[in-house]
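Read through the structure below, which is laid out as C-alpha cells, and then see the notes.
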Amino acid sequence: MRGQLKTRRRREKAAFASIRFASFLVLAALGGIILFLVVHGIGAMSWGFLTDFPRDSMTKGGIFPAIVGTLLLTLGAILVALPLGVASAIYLSEYAKEGKTLTIVRLGIQNLAGVPSVVFGLFGLAFFVVFFGMGTSIMAGSFTLGLLILPVVIGASEEALRQVPATFREASLALGATRWQTIRKVVLPAALPGILTGSILGIGRAAGETAPIMFTAATFYALHLPSSVFDPVMALPYHVFVLATAGTHIDETRPLQYGTVLVLMALVLGLDFVAIAVRARMRRKKRW
Amino acid sequence: MVEESSGRPIIEVIHLDFYYGDVRALKDVTMEIKARRVTALIGPSGCGKSTFLRLLNRMNDLIPGTRVQGSVMFDGMDLYSDAVDPVEIRRKIGMVFQKPNPFPKSIYNNVAYGPRLTGTGSRDELDEIVVRALKSAALWDEVKDILDRSAMELSGGQQQRLCIARALAMEPEVLLMDEPTSALDPIATAHIEELLKELKKRYTVIIVTHNMQQAARVSDETAFFFMGELVEMGPTERIFTRPLVERTEHYITGRFG
C-alpha cells in the first residue's frame, strides 16, 4: 500500500513537472524570437529607418512606404471585415434558428478559418484583381485580407453579443421595441467594445500575412506613397520576403531585414497590447 | 372562484392554458383584472404566477417551444389573435422586472428610450416626458442634477425606480411588476410600495410577489395560484382574513410555501 502511494506521488510530480516544462517552453519560444529579433534588428533602428524611402537597391534607407502600406492594408481589411463580420454574427446569434442552415453556415465559417493564406492570395488574384478589375491594389489586398480575418471578426462579435445580458433584451422588448430596434439601440452598443477589441486581436494576423497580398496588393518597390486605393503598396511582410529572397545584395540587406521584422513585430504586438488594455479597462468599468 | 366587486375590468382572461413544451404550466385560468387597482399574484415558487404575468404582454412569445390556448381580452381585443402585434401590446402594457435592468446608458436616455422608439422626436417633448416619468416614479428629486450620468451608478432601489420611470414614459395603461422588490433592501422596498399607492390612481398595476405582507399592504385584489391553477381571487382584505379555500389559508398563514 505504502509503496503504491509513493509511486503515485512520484508519478504526479513527474506529470506536473513536464506540464510546467511544456508551458515554459512556449514562453521561452516567444521570448527567444523577440530576443533574437531585437539583437539582430536593433542595429538597423533609427529615425530615418522609419521615415525614409529605401535607397541603393534596398541596401540603404528606410522602410517608410512599407509601414504606411501595411497600415493602409490593415485598415482596409478592418473596413471590409468589420461590417460583414458583425452583420453575420448578428444573424447567427440573434436571428438564425438552430437547424441545418445554421449548421452549414457555421461549418463554412470554421472552414474559412482553416483555408491556407496562399489560397486566399490566389483567390484574391482571380476574383478581385482580375475578375473585378481592381488590379494589384490596396483595394484588392484589403478585400483579400478582409476575407482572411472574417472568421476571427465573426467569432469575436458572436462572443461579444452573447455576453450582453438577456435582461437588456427583455427590458427593451418589454418597452415595445422590435427585435431590430433592440439590437441596434441596446445590444450592439453594449457589445461594440468587445467586438472591437476581439477583432483587433485578429487583425494582427492581417498585418503580418504575406501570401494574401503578394498577388493582390504588394509591390517590390514604390517611388511614391499610393495616391488612391487602386495603387499598389509596399508592405512590411512582403518587404521582408523580397529582401530575403529576391535582392541582388542579400547579405548587405540582412540588417534591414531584421529591422523590418522587428518593426512588424512591434506593430502587431502593439496592436494586441492596445486591444488587451482597452478590454481590461472596459471589464473594470462595466457592471453587469 | 372569482367574485364580483365594483370596478371596470381592463383585462379579462378566459380559459387560459399555457404549455412549456409538453408541460402544462397554467391550467384553465379565468380572471378579471380591474382598472386602476393593484392586483397581487401570490403563490409558491413554480405555481405559474410569473408565467401568467408574462402572458399579459406576450413576453412568453420570446421563449421557444411554448404554446397558449384560451384568450386574454384587453381593450376589446384578444391579445392572442393573429391580428395583434405583440410590439403594440407591449407599448400599452409595460413591465418591470425582478432584477433592476437599466440600460448601460445615461439616466435620461434610459427614460427616453421608449418614447424615442415611437418617434417622439423633439427635445422639448422628450424633456417633458422624462421629467414627468421620473416624478411619477418618485426619483426626480434624487436624479434631477445627474441626468447625464450612467444609470449603472445608481443604487439598486434607484435603478428599480428608474425602470419604473422608463416603463411609465410610454404612458402604458397597465404596469406588470414581477417581484419588483425581491432584489432590494427594506428601505428601497418601502419606497416602491409607497409609489404603488400613487401609481394606481392612474395605472392598473399587477404585481407578482413572494412576500405575503407586501401583497396585503399594497394590493386591492389578490389572486392565489397553486400548481398552475388559479385557486382563489378576491379583495385582498377578504383573501387574507376569510379565504374561501383551505389551501389559500394554509399558504397565507405560512403552513407551506
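We name chains A, B, ... following the order of the C-alpha cells; residues begin at 1 in each chain, and ligands are numbered from 1 as shown.
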With only C-alpha atoms counted and 9 Å as the cut-off, give the residues of range 169-246 of chain A in contact with range 106-129 of chain B, each with its shortest interatomic distance in Å and the pair that gives it, as JSON lines.
{"residue": "A:Ser172", "atom": "CA", "partner": "B:Gly114", "partner_atom": "CA", "distance": 8.0}
{"residue": "A:Leu175", "atom": "CA", "partner": "B:Gly114", "partner_atom": "CA", "distance": 5.8}
{"residue": "A:Gly176", "atom": "CA", "partner": "B:Gly114", "partner_atom": "CA", "distance": 7.2}
{"residue": "A:Ala177", "atom": "CA", "partner": "B:Leu117", "partner_atom": "CA", "distance": 6.4}
{"residue": "A:Thr178", "atom": "CA", "partner": "B:Leu117", "partner_atom": "CA", "distance": 8.8}
{"residue": "A:Gln181", "atom": "CA", "partner": "B:Leu117", "partner_atom": "CA", "distance": 7.6}
{"residue": "A:Lys185", "atom": "CA", "partner": "B:Tyr113", "partner_atom": "CA", "distance": 8.8}
Please write the residues from the selection above to a file, keeping C-alpha atoms, as an mmCIF file, in the first residue's frame.
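Contents of selection-v1.cif, freshly written:
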data_model
loop_
_atom_site.group_PDB
_atom_site.id
_atom_site.type_symbol
_atom_site.label_atom_id
_atom_site.label_comp_id
_atom_site.auth_asym_id
_atom_site.auth_seq_id
_atom_site.Cartn_x
_atom_site.Cartn_y
_atom_site.Cartn_z
ATOM 1 C CA SER A 172 -36.100 46.723 -24.472
ATOM 2 C CA LEU A 175 -40.937 48.648 -23.845
ATOM 3 C CA GLY A 176 -42.355 47.828 -27.247
ATOM 4 C CA ALA A 177 -39.123 47.782 -29.204
ATOM 5 C CA THR A 178 -38.893 45.491 -32.198
ATOM 6 C CA GLN A 181 -34.558 48.216 -32.601
ATOM 7 C CA LYS A 185 -30.031 50.508 -29.814
#
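Near Ala190 in chain A, within a cut-off of 12 Å and counting only C-alpha atoms, sit the residues Ser157, Ala160, Leu161, Arg162, Gln163, Val164, Pro165, Ala166, Phe168, Arg169, Thr182, Ile183, Arg184, Lys185, Ile195, Leu196, Met282, Arg283, Lys286, Arg287 and Trp288 of chain A; Phe103, Pro104 and Lys105 of chain B, with same-chain residues fewer than 5 positions away left out.
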Selection from above, N, CA and C atoms, as a PDB file, in the first residue's frame, can you write it?
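New file again.pdb:
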ATOM      1  N   SER A 157     -17.249  38.805 -32.551  1.00  0.00           N
ATOM      2  CA  SER A 157     -18.535  39.501 -32.466  1.00  0.00           C
ATOM      3  C   SER A 157     -19.599  38.616 -31.824  1.00  0.00           C
ATOM      4  N   ALA A 160     -18.992  38.551 -28.159  1.00  0.00           N
ATOM      5  CA  ALA A 160     -19.371  39.811 -27.524  1.00  0.00           C
ATOM      6  C   ALA A 160     -20.896  39.946 -27.442  1.00  0.00           C
ATOM      7  N   LEU A 161     -21.599  39.518 -28.475  1.00  0.00           N
ATOM      8  CA  LEU A 161     -23.060  39.606 -28.462  1.00  0.00           C
ATOM      9  C   LEU A 161     -23.650  38.673 -27.405  1.00  0.00           C
ATOM     10  N   ARG A 162     -23.018  37.496 -27.293  1.00  0.00           N
ATOM     11  CA  ARG A 162     -23.503  36.540 -26.296  1.00  0.00           C
ATOM     12  C   ARG A 162     -23.371  37.088 -24.887  1.00  0.00           C
ATOM     13  N   GLN A 163     -22.353  37.932 -24.670  1.00  0.00           N
ATOM     14  CA  GLN A 163     -22.112  38.431 -23.316  1.00  0.00           C
ATOM     15  C   GLN A 163     -23.059  39.558 -22.907  1.00  0.00           C
ATOM     16  N   VAL A 164     -23.821  40.077 -23.849  1.00  0.00           N
ATOM     17  CA  VAL A 164     -24.801  41.100 -23.484  1.00  0.00           C
ATOM     18  C   VAL A 164     -25.933  40.412 -22.731  1.00  0.00           C
ATOM     19  N   PRO A 165     -26.215  40.847 -21.499  1.00  0.00           N
ATOM     20  CA  PRO A 165     -27.187  40.122 -20.687  1.00  0.00           C
ATOM     21  C   PRO A 165     -28.569  40.075 -21.335  1.00  0.00           C
ATOM     22  N   ALA A 166     -29.242  38.942 -21.160  1.00  0.00           N
ATOM     23  CA  ALA A 166     -30.586  38.767 -21.711  1.00  0.00           C
ATOM     24  C   ALA A 166     -31.547  39.793 -21.117  1.00  0.00           C
ATOM     25  N   PHE A 168     -31.155  42.938 -20.750  1.00  0.00           N
ATOM     26  CA  PHE A 168     -31.218  44.151 -21.578  1.00  0.00           C
ATOM     27  C   PHE A 168     -32.208  43.948 -22.718  1.00  0.00           C
ATOM     28  N   ARG A 169     -32.134  42.780 -23.328  1.00  0.00           N
ATOM     29  CA  ARG A 169     -33.037  42.500 -24.448  1.00  0.00           C
ATOM     30  C   ARG A 169     -34.482  42.501 -23.956  1.00  0.00           C
ATOM     31  N   THR A 182     -34.084  46.670 -30.807  1.00  0.00           N
ATOM     32  CA  THR A 182     -33.363  46.194 -29.633  1.00  0.00           C
ATOM     33  C   THR A 182     -31.898  45.925 -29.960  1.00  0.00           C
ATOM     34  N   ILE A 183     -31.666  45.303 -31.098  1.00  0.00           N
ATOM     35  CA  ILE A 183     -30.288  45.001 -31.483  1.00  0.00           C
ATOM     36  C   ILE A 183     -29.508  46.286 -31.744  1.00  0.00           C
ATOM     37  N   ARG A 184     -30.145  47.192 -32.478  1.00  0.00           N
ATOM     38  CA  ARG A 184     -29.444  48.401 -32.908  1.00  0.00           C
ATOM     39  C   ARG A 184     -29.187  49.351 -31.733  1.00  0.00           C
ATOM     40  N   LYS A 185     -30.145  49.473 -30.840  1.00  0.00           N
ATOM     41  CA  LYS A 185     -30.031  50.508 -29.814  1.00  0.00           C
ATOM     42  C   LYS A 185     -29.485  50.001 -28.488  1.00  0.00           C
ATOM     43  N   ILE A 195     -16.577  43.648 -29.429  1.00  0.00           N
ATOM     44  CA  ILE A 195     -16.401  43.341 -30.849  1.00  0.00           C
ATOM     45  C   ILE A 195     -15.096  43.950 -31.345  1.00  0.00           C
ATOM     46  N   LEU A 196     -14.870  45.218 -30.989  1.00  0.00           N
ATOM     47  CA  LEU A 196     -13.685  45.913 -31.478  1.00  0.00           C
ATOM     48  C   LEU A 196     -12.400  45.287 -30.950  1.00  0.00           C
ATOM     49  N   MET A 282     -12.359  48.115 -19.960  1.00  0.00           N
ATOM     50  CA  MET A 282     -13.803  48.015 -20.069  1.00  0.00           C
ATOM     51  C   MET A 282     -14.386  46.996 -19.117  1.00  0.00           C
ATOM     52  N   ARG A 283     -13.632  45.930 -18.887  1.00  0.00           N
ATOM     53  CA  ARG A 283     -14.134  44.913 -17.955  1.00  0.00           C
ATOM     54  C   ARG A 283     -14.292  45.503 -16.556  1.00  0.00           C
ATOM     55  N   LYS A 286     -17.548  48.031 -16.724  1.00  0.00           N
ATOM     56  CA  LYS A 286     -18.926  47.567 -16.853  1.00  0.00           C
ATOM     57  C   LYS A 286     -19.339  46.806 -15.605  1.00  0.00           C
ATOM     58  N   ARG A 287     -20.598  46.980 -15.259  1.00  0.00           N
ATOM     59  CA  ARG A 287     -21.048  46.381 -14.019  1.00  0.00           C
ATOM     60  C   ARG A 287     -22.289  45.558 -14.217  1.00  0.00           C
ATOM     61  N   TRP A 288     -22.292  44.786 -15.273  1.00  0.00           N
ATOM     62  CA  TRP A 288     -23.464  43.909 -15.393  1.00  0.00           C
ATOM     63  C   TRP A 288     -23.037  42.485 -15.439  1.00  0.00           C
TER      64      TRP A 288
ATOM     65  N   PHE B 103     -30.564  50.127 -18.848  1.00  0.00           N
ATOM     66  CA  PHE B 103     -29.590  50.004 -19.926  1.00  0.00           C
ATOM     67  C   PHE B 103     -28.294  50.695 -19.513  1.00  0.00           C
ATOM     68  N   PRO B 104     -27.170  50.264 -20.050  1.00  0.00           N
ATOM     69  CA  PRO B 104     -25.910  50.967 -19.752  1.00  0.00           C
ATOM     70  C   PRO B 104     -25.844  52.293 -20.507  1.00  0.00           C
ATOM     71  N   LYS B 105     -26.806  53.143 -20.230  1.00  0.00           N
ATOM     72  CA  LYS B 105     -26.893  54.463 -20.865  1.00  0.00           C
ATOM     73  C   LYS B 105     -27.135  55.478 -19.756  1.00  0.00           C
TER      74      LYS B 105
END
Expected answer as a count of residues only: helix (DSSP H, G or I) residues in range 70-272 of chain A
157
Show me, as a tab-separated table, the residues of chain B having an atom within 7 Å of chain A, each with the closest atom pair and its distance in Å, using only C-alpha atoms.
residue	atom	partner	partner_atom	distance
B:Val87	CA	A:Gly176	CA	4.7
B:Glu88	CA	A:Gly176	CA	6.3
B:Arg90	CA	A:Gly176	CA	4.7
B:Arg91	CA	A:Gly176	CA	4.7
B:Gly94	CA	A:Leu175	CA	6.3
B:Met95	CA	A:Ala174	CA	6.0
B:Asn101	CA	A:Thr167	CA	6.2
B:Phe103	CA	A:Phe168	CA	6.3
B:Gly114	CA	A:Leu175	CA	5.8
B:Leu117	CA	A:Ala177	CA	6.4
B:Ala167	CA	A:Leu175	CA	6.5
Print the selection's residues with C-alpha atoms to a file, as a PDB file, in the first residue's frame.
ATOM      1  CA  VAL B  87     -44.911  45.103 -30.114  1.00  0.00           C
ATOM      2  CA  GLU B  88     -48.045  47.271 -29.934  1.00  0.00           C
ATOM      3  CA  ARG B  90     -46.041  45.930 -25.015  1.00  0.00           C
ATOM      4  CA  ARG B  91     -46.304  49.675 -25.557  1.00  0.00           C
ATOM      5  CA  GLY B  94     -45.439  47.883 -19.553  1.00  0.00           C
ATOM      6  CA  MET B  95     -43.285  45.664 -17.417  1.00  0.00           C
ATOM      7  CA  ASN B 101     -32.267  46.133 -15.534  1.00  0.00           C
ATOM      8  CA  PHE B 103     -29.590  50.004 -19.926  1.00  0.00           C
ATOM      9  CA  GLY B 114     -39.324  54.041 -25.126  1.00  0.00           C
ATOM     10  CA  LEU B 117     -38.860  54.107 -30.336  1.00  0.00           C
ATOM     11  CA  ALA B 167     -41.954  51.954 -18.309  1.00  0.00           C
TER      12      ALA B 167
END
Selected residue, from B:Glu12, B:Ser50, B:Arg58, B:Leu168, that lies nearest to Val72 in chain B when counting only C-alpha atoms
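Between B:Glu12, B:Ser50, B:Arg58, B:Leu168, the residue approaching Val72 in chain B most closely is B:Glu12.
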Using only C-alpha atoms, which protein or nucleic acid residues come within 9 Å of range 60-67 of chain A? Drop anything in the same chain fewer than 6 positions from it, and give the result as a ChimeraX atom specification.
/A:46-54,221-226,233-239,252-253,256,260,263-264
Could you save the residues just selected, with C-alpha atoms, as a tab-separated table (two decimals), in the first residue's frame?
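Written output follows (part_31.tsv):
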chain	number	residue	atom	x	y	z
A	46	SER	CA	16.97	54.84	-36.43
A	47	TRP	CA	14.53	57.64	-37.06
A	48	GLY	CA	15.50	57.58	-40.72
A	49	PHE	CA	14.78	53.86	-40.98
A	50	LEU	CA	11.19	54.55	-40.03
A	51	THR	CA	10.70	57.69	-42.11
A	52	ASP	CA	12.79	57.26	-45.29
A	53	PHE	CA	12.24	55.50	-48.58
A	54	PRO	CA	14.61	52.61	-49.44
A	221	TYR	CA	9.38	48.95	-54.69
A	222	ALA	CA	7.40	52.16	-54.77
A	223	LEU	CA	8.78	55.55	-55.64
A	224	HIS	CA	5.81	57.32	-54.06
A	225	LEU	CA	3.22	56.69	-51.45
A	226	PRO	CA	-0.03	55.44	-53.01
A	233	VAL	CA	1.75	49.50	-52.00
A	234	MET	CA	4.85	48.22	-50.30
A	235	ALA	CA	4.10	46.21	-47.18
A	236	LEU	CA	6.27	45.06	-44.27
A	237	PRO	CA	5.87	41.28	-44.58
A	238	TYR	CA	6.34	41.36	-48.35
A	239	HIS	CA	9.34	43.64	-47.97
A	252	GLU	CA	24.00	43.72	-47.35
A	253	THR	CA	20.27	43.94	-46.77
A	256	LEU	CA	17.50	45.87	-42.78
A	260	THR	CA	11.83	45.36	-40.81
A	263	VAL	CA	9.09	46.87	-36.77
A	264	LEU	CA	6.42	44.44	-37.96
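Neighbouring residues of Pro100 in chain B at 8 Å or closer, counting only C-alpha atoms and skipping chain neighbours under 4 positions away, are Val96, Gly156, Gln159, Gln160, Cys163, Pro180 and Ala183 of chain B.
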Go ahead and write the residues just picked, C-alpha atoms, as a compact mmCIF listing (two decimals), in the first residue's frame.
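Final file, selection_19.txt:
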# COMPACT_ATOMS: atom_id res chain seq x y z
CA VAL B 96 -40.86 45.96 -14.53
CA GLY B 156 -30.38 49.16 -6.66
CA GLN B 159 -32.31 51.65 -10.53
CA GLN B 160 -35.62 49.90 -9.98
CA CYS B 163 -37.00 51.09 -14.59
CA PRO B 180 -40.02 44.21 -8.24
CA ALA B 183 -33.64 42.26 -5.03
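Pairwise distance (CA of Ala133 in chain B, CA of Arg166 in chain B) equals 7.1 Å.
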Please report the interatomic distance between CA of Ala188 in chain B and CA of Thr39 in chain B in Å with one decimal.
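Result for CA of Ala188 in chain B versus CA of Thr39 in chain B: 20.6 Å, one decimal.
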Could you go through range 28-69 of chain B and tell me which residues DSSP, when run on the backbone, assigns to strand (DSSP E or B), listing them as a ChimeraX atom specification?
/B:28-34,38-42,66-69
May I have the residues within 10 Å of range 265-267 of chain A as a ChimeraX atom specification, using only C-alpha atoms and disregarding those fewer than 4 positions away in the same chain?
/A:34,37,67,70-71,204,207-208,236,259-261,271-273
For N, CA and C atoms, I'd like the residues from the last selection saved as a PDB file, in the first residue's frame.
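In the end it all went to part06.pdb:
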ATOM      1  N   ILE A  34      11.643  37.058 -29.856  1.00  0.00           N
ATOM      2  CA  ILE A  34      11.723  38.508 -29.656  1.00  0.00           C
ATOM      3  C   ILE A  34      13.174  38.925 -29.405  1.00  0.00           C
ATOM      4  N   LEU A  37      15.224  38.830 -32.548  1.00  0.00           N
ATOM      5  CA  LEU A  37      14.916  39.954 -33.444  1.00  0.00           C
ATOM      6  C   LEU A  37      15.515  41.247 -32.928  1.00  0.00           C
ATOM      7  N   ILE A  67       5.727  50.606 -44.079  1.00  0.00           N
ATOM      8  CA  ILE A  67       4.943  50.815 -42.851  1.00  0.00           C
ATOM      9  C   ILE A  67       3.584  51.397 -43.210  1.00  0.00           C
ATOM     10  N   THR A  70       1.400  48.753 -44.954  1.00  0.00           N
ATOM     11  CA  THR A  70       0.832  47.766 -44.039  1.00  0.00           C
ATOM     12  C   THR A  70      -0.309  48.373 -43.218  1.00  0.00           C
ATOM     13  N   LEU A  71      -0.110  49.615 -42.776  1.00  0.00           N
ATOM     14  CA  LEU A  71      -1.188  50.265 -42.012  1.00  0.00           C
ATOM     15  C   LEU A  71      -2.437  50.423 -42.883  1.00  0.00           C
ATOM     16  N   GLY A 204      -4.073  41.614 -36.103  1.00  0.00           N
ATOM     17  CA  GLY A 204      -2.633  41.435 -36.125  1.00  0.00           C
ATOM     18  C   GLY A 204      -2.243  40.440 -37.208  1.00  0.00           C
ATOM     19  N   ALA A 207      -2.061  42.085 -40.600  1.00  0.00           N
ATOM     20  CA  ALA A 207      -0.872  42.920 -40.781  1.00  0.00           C
ATOM     21  C   ALA A 207       0.341  42.074 -41.129  1.00  0.00           C
ATOM     22  N   GLY A 208       0.380  40.848 -40.619  1.00  0.00           N
ATOM     23  CA  GLY A 208       1.578  40.043 -40.755  1.00  0.00           C
ATOM     24  C   GLY A 208       1.600  39.098 -41.938  1.00  0.00           C
ATOM     25  N   LEU A 236       5.174  45.584 -45.084  1.00  0.00           N
ATOM     26  CA  LEU A 236       6.274  45.059 -44.268  1.00  0.00           C
ATOM     27  C   LEU A 236       6.564  43.571 -44.511  1.00  0.00           C
ATOM     28  N   GLY A 259      15.601  44.499 -39.123  1.00  0.00           N
ATOM     29  CA  GLY A 259      14.963  45.743 -38.690  1.00  0.00           C
ATOM     30  C   GLY A 259      13.494  45.773 -39.085  1.00  0.00           C
ATOM     31  N   THR A 260      13.213  45.355 -40.316  1.00  0.00           N
ATOM     32  CA  THR A 260      11.835  45.359 -40.814  1.00  0.00           C
ATOM     33  C   THR A 260      10.962  44.395 -40.012  1.00  0.00           C
ATOM     34  N   VAL A 261      11.519  43.212 -39.770  1.00  0.00           N
ATOM     35  CA  VAL A 261      10.758  42.226 -38.989  1.00  0.00           C
ATOM     36  C   VAL A 261      10.485  42.756 -37.593  1.00  0.00           C
ATOM     37  N   LEU A 271      -0.528  46.560 -31.406  1.00  0.00           N
ATOM     38  CA  LEU A 271      -1.975  46.477 -31.633  1.00  0.00           C
ATOM     39  C   LEU A 271      -2.630  45.575 -30.588  1.00  0.00           C
ATOM     40  N   ASP A 272      -2.003  44.421 -30.358  1.00  0.00           N
ATOM     41  CA  ASP A 272      -2.555  43.473 -29.392  1.00  0.00           C
ATOM     42  C   ASP A 272      -2.593  44.075 -27.989  1.00  0.00           C
ATOM     43  N   PHE A 273      -1.504  44.763 -27.632  1.00  0.00           N
ATOM     44  CA  PHE A 273      -1.465  45.348 -26.288  1.00  0.00           C
ATOM     45  C   PHE A 273      -2.556  46.404 -26.121  1.00  0.00           C
TER      46      PHE A 273
END
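Near Val84 in chain B, within a cut-off of 12 Å and counting only C-alpha atoms, sit the residues Asn57, Arg58, Val72, Met73, Phe74, Asp75, Gly76, Met77, Asp78, Leu79, Tyr80, Ser81, Asp82, Pro86, Val87, Glu88, Ile89 and Arg90 of chain B, with same-chain residues fewer than 2 positions away left out.
Restricting the calculation to only C-alpha atoms, the smallest distance between Lys197 in chain B and any of B:Ile33, B:Leu244, B:Ile146, B:Val38 is found for B:Val38.
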Of the candidates B:Leu184, B:Ala151, B:Met31, B:Met212, which one gets nearest to Thr253 in chain B if we count only C-alpha atoms?
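Using only C-alpha atoms, Thr253 in chain B sits closest to B:Met212.
Among the candidates B:Leu53, B:Leu26, B:Ala190, B:Ile239, the residue lying nearest to Gly157 in chain B is B:Ala190 (atoms considered: only C-alpha atoms).
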What is the distance, in Å and to one decimal place, between CA of Tyr258 in chain A and CA of Leu147 in chain A?
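Atom-to-atom, CA of Tyr258 in chain A and CA of Leu147 in chain A are spaced 28.9 Å apart.
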